[in-house]
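Novice: After the structure tokens below, expect a handful of questions from me.
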Amino acid sequence: SSINPDIFINLESYQTKAGFFRYQYLKMVQGSREALIPSAFSIIDLITYLYSNDLILNKEKVDIIISEPMGFLLVHERMLEVFVHARAKWLKPEGKMFPSTGTIYICPFSDNEIFEEQSLSTSFWDQTNFYGVNLTKAKQKAFDEAFAQPIVGYFSPTMLISNKHVTHVIDFSTVSEKDGLEKIKIPFSFVADKTSIIHGMACWFDVKFFGSQAVVCLSTSPFSPDTHWYQCRLLLQKPIAINETQTVSGEMILTANEYSSYYVDLEMKLNGNR
């Protein structure tokens, strides 16, 4: 079966001053090729990329697994499961996963413009005589479908109604394919920093690389520079009016589906003042 192309490196020796590395290189790709390590890493060596069969036949465990398994909201495309499967099959007990962790962030947001835009996208179904056909019977179905779609794109952090962001951390060194990735539950509780209308939940993620001497973070936050992964917003069909100091709580549940993605169930209720 096909597996996500990841870099599997078996580190044989390392000399700090000269920066020399000797590797066995195995990369699961469609063909063999060579690539020069950037000089910025103080490594001058040649990598040979091999067929996945070479990796399967090689019985030796590796020191590092490097991959780019992230999708929108971190988990979309479900490549994290392949990343974790590779760890279980080929990584040494003391080996490193790059990225090492992934963190999902959520926070309620207010954006009447995007809410109205999504609502108006179903106006076609308001017609009672479309060439003799009454389309209003399908209006609710169309409305449900429109609001079931996540809004993927950039947004301003000024839309967030709380300074607190609830997080869910996935440790790629320990998480299991089934128990940790098939269903993800994120309970939340937020105190509103301002009187506003909650139109849904804003989401983003970051991944961290825990090296032996440094930690590097790649963030898709609205507070950070734009990235290929954008951010994500989940809309409520019925917005919630909230006053400053009131709390809103609930749970966001992500359930893996057969479409290489996740179903997202969002439950949110307004509580009293804190």
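Residue names in the structure tokens use chain letters A, B, ... in the order shown, residue numbers from 1 in each chain, and ligand numbers from 1 in the order shown.
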Find the residues near Ile197 (chain A): any atom within 7 Å, counting only C-alpha atoms, skip ones fewer than 2 places away on the same chain, and give them as a list in words.
Specialist: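 Here the answer would be Ser110, His199, Pro239, Ile240, Ala241 and Ile242 of chain A.
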Novice: Would you export the selected residues with N, CA, C and O atoms as a short mmCIF file (atom, residue, chain, number, x, y, z; two decimals), in the first residue's frame, please?
Specialist:
data_model
loop_
_atom_site.label_atom_id
_atom_site.label_comp_id
_atom_site.auth_asym_id
_atom_site.auth_seq_id
_atom_site.Cartn_x
_atom_site.Cartn_y
_atom_site.Cartn_z
N SER A 110 -16.48 36.84 16.31
CA SER A 110 -17.62 37.62 15.85
C SER A 110 -17.29 38.21 14.49
O SER A 110 -16.31 38.93 14.33
N HIS A 199 -20.49 34.38 16.35
CA HIS A 199 -20.93 33.77 15.10
C HIS A 199 -20.35 32.37 14.90
O HIS A 199 -20.74 31.68 13.95
N PRO A 239 -26.46 32.72 15.85
CA PRO A 239 -25.45 33.43 16.65
C PRO A 239 -25.90 33.59 18.10
O PRO A 239 -27.09 33.55 18.41
N ILE A 240 -24.92 33.77 18.97
CA ILE A 240 -25.18 33.92 20.41
C ILE A 240 -24.76 35.32 20.85
O ILE A 240 -23.60 35.71 20.68
N ALA A 241 -25.70 36.07 21.42
CA ALA A 241 -25.38 37.39 21.97
C ALA A 241 -24.75 37.20 23.34
O ALA A 241 -25.27 36.44 24.17
N ILE A 242 -23.63 37.88 23.58
CA ILE A 242 -22.93 37.71 24.84
C ILE A 242 -22.48 39.07 25.36
O ILE A 242 -22.05 39.94 24.58
#
Novice: Can you tell me, as a list in words, what residues are no more than 12 Å from Lys238 (chain A) when counting only C-alpha atoms, ignoring any on the same chain fewer than 2 positions away?
Specialist: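 Returned residues: Asn112, Phe115, Glu116, Ser119, Phe143, Asp144, Phe147, Ile197, Ile198, His199, Gly200, Leu235, Leu236, Ile240, Ala241, Glu267, Met268 and Lys269 of chain A.
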Novice: Compile a residue-level contact table for region 82-109 of chain A against region 188-195 of chain A at a cut-off of 10 Å, reporting for every qualifying residue the shortest atom pair and its distance in Å to one decimal, with only C-alpha atoms counted, rows ordered by chain and ascending number, as JSON lines.
Specialist:
{"residue": "A:Ile106", "atom": "CA", "partner": "A:Phe188", "partner_atom": "CA", "distance": 8.5}
{"residue": "A:Cys107", "atom": "CA", "partner": "A:Phe190", "partner_atom": "CA", "distance": 7.8}
{"residue": "A:Pro108", "atom": "CA", "partner": "A:Phe190", "partner_atom": "CA", "distance": 8.0}
Novice: For Ile161 (chain A), which residue among A:Met201, A:Val215, A:Leu181, A:Leu73 is the nearest when counting only C-alpha atoms?
Specialist: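 The closest residue to Ile161 (chain A) is A:Met201.
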Novice: Write out as a PyMOL selection string which residues come within 12 Å of Leu120 (chain A) when counting only C-alpha atoms, dropping same-chain ones fewer than 5 positions away.
Specialist: chain A and resi 113-115+125-126+139+142-143+146-147
Novice: Output all heavy atoms for every residue in that selection, as a tab-separated table (two decimals), in the first residue's frame.
Specialist:
chain	number	residue	atom	x	y	z
A	113	GLU	N	-20.17	39.97	8.80
A	113	GLU	CA	-20.04	39.98	7.35
A	113	GLU	C	-19.99	38.57	6.78
A	113	GLU	O	-20.68	38.24	5.81
A	113	GLU	CB	-18.78	40.75	6.95
A	113	GLU	CG	-18.60	40.88	5.45
A	113	GLU	CD	-17.39	41.71	5.07
A	113	GLU	OE1	-16.84	42.40	5.95
A	113	GLU	OE2	-17.00	41.66	3.89
A	114	ILE	N	-19.17	37.70	7.39
A	114	ILE	CA	-19.06	36.34	6.87
A	114	ILE	C	-20.34	35.56	7.14
A	114	ILE	O	-20.75	34.70	6.36
A	114	ILE	CB	-17.83	35.61	7.46
A	114	ILE	CG1	-17.49	34.37	6.62
A	114	ILE	CG2	-18.05	35.22	8.90
A	114	ILE	CD1	-16.98	34.67	5.25
A	115	PHE	N	-21.01	35.88	8.26
A	115	PHE	CA	-22.28	35.21	8.57
A	115	PHE	C	-23.35	35.57	7.53
A	115	PHE	O	-24.06	34.70	7.02
A	115	PHE	CB	-22.75	35.61	9.97
A	115	PHE	CG	-24.08	35.01	10.35
A	115	PHE	CD1	-24.14	33.71	10.85
A	115	PHE	CD2	-25.25	35.73	10.20
A	115	PHE	CE1	-25.36	33.14	11.19
A	115	PHE	CE2	-26.48	35.17	10.54
A	115	PHE	CZ	-26.53	33.87	11.03
A	125	TRP	N	-32.68	29.45	-3.13
A	125	TRP	CA	-33.73	28.52	-2.74
A	125	TRP	C	-34.96	29.22	-2.13
A	125	TRP	O	-35.89	28.55	-1.67
A	125	TRP	CB	-33.17	27.49	-1.77
A	125	TRP	CG	-32.01	26.75	-2.37
A	125	TRP	CD1	-30.69	27.02	-2.18
A	125	TRP	CD2	-32.08	25.66	-3.27
A	125	TRP	NE1	-29.91	26.16	-2.92
A	125	TRP	CE2	-30.74	25.31	-3.60
A	125	TRP	CE3	-33.13	24.94	-3.85
A	125	TRP	CZ2	-30.44	24.26	-4.48
A	125	TRP	CZ3	-32.84	23.90	-4.72
A	125	TRP	CH2	-31.51	23.57	-5.03
A	126	ASP	N	-34.96	30.54	-2.16
A	126	ASP	CA	-36.12	31.29	-1.69
A	126	ASP	C	-37.19	31.42	-2.77
A	126	ASP	O	-38.30	31.89	-2.50
A	126	ASP	CB	-35.69	32.70	-1.24
A	126	ASP	CG	-34.87	32.67	0.03
A	126	ASP	OD1	-35.10	31.77	0.85
A	126	ASP	OD2	-33.99	33.55	0.20
A	139	LYS	N	-34.91	24.82	1.00
A	139	LYS	CA	-34.20	25.94	1.61
A	139	LYS	C	-33.43	25.52	2.87
A	139	LYS	O	-32.25	25.84	3.03
A	139	LYS	CB	-35.19	27.05	1.95
A	139	LYS	CG	-34.62	28.19	2.79
A	139	LYS	CD	-33.63	29.04	2.05
A	139	LYS	CE	-33.19	30.23	2.87
A	139	LYS	NZ	-32.30	31.14	2.15
A	142	ALA	N	-30.38	23.40	2.14
A	142	ALA	CA	-29.31	24.21	1.58
A	142	ALA	C	-28.64	25.05	2.67
A	142	ALA	O	-27.42	25.21	2.69
A	142	ALA	CB	-29.86	25.12	0.49
A	143	PHE	N	-29.46	25.58	3.58
A	143	PHE	CA	-28.94	26.38	4.70
A	143	PHE	C	-28.05	25.52	5.60
A	143	PHE	O	-26.96	25.95	6.00
A	143	PHE	CB	-30.11	26.96	5.49
A	143	PHE	CG	-29.72	28.02	6.48
A	143	PHE	CD1	-29.53	29.33	6.08
A	143	PHE	CD2	-29.54	27.70	7.82
A	143	PHE	CE1	-29.17	30.31	6.99
A	143	PHE	CE2	-29.17	28.67	8.74
A	143	PHE	CZ	-29.00	29.98	8.32
A	146	ALA	N	-24.75	24.87	3.83
A	146	ALA	CA	-23.89	26.06	3.78
A	146	ALA	C	-23.18	26.28	5.11
A	146	ALA	O	-21.99	26.60	5.15
A	146	ALA	CB	-24.72	27.29	3.41
A	147	PHE	N	-23.89	26.09	6.21
A	147	PHE	CA	-23.30	26.34	7.52
A	147	PHE	C	-22.52	25.14	8.05
A	147	PHE	O	-21.85	25.24	9.08
A	147	PHE	CB	-24.38	26.77	8.51
A	147	PHE	CG	-24.70	28.23	8.42
A	147	PHE	CD1	-25.55	28.71	7.43
A	147	PHE	CD2	-24.12	29.14	9.29
A	147	PHE	CE1	-25.81	30.06	7.31
A	147	PHE	CE2	-24.39	30.49	9.18
A	147	PHE	CZ	-25.24	30.96	8.19
Novice: Taking only C-alpha atoms into account, which of A:Val166, A:Ile65, A:Leu135, A:Ala256 comes nearest Asp179 (chain A)?
Specialist: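 Smallest distance to Asp179 (chain A) is found for A:Ala256.
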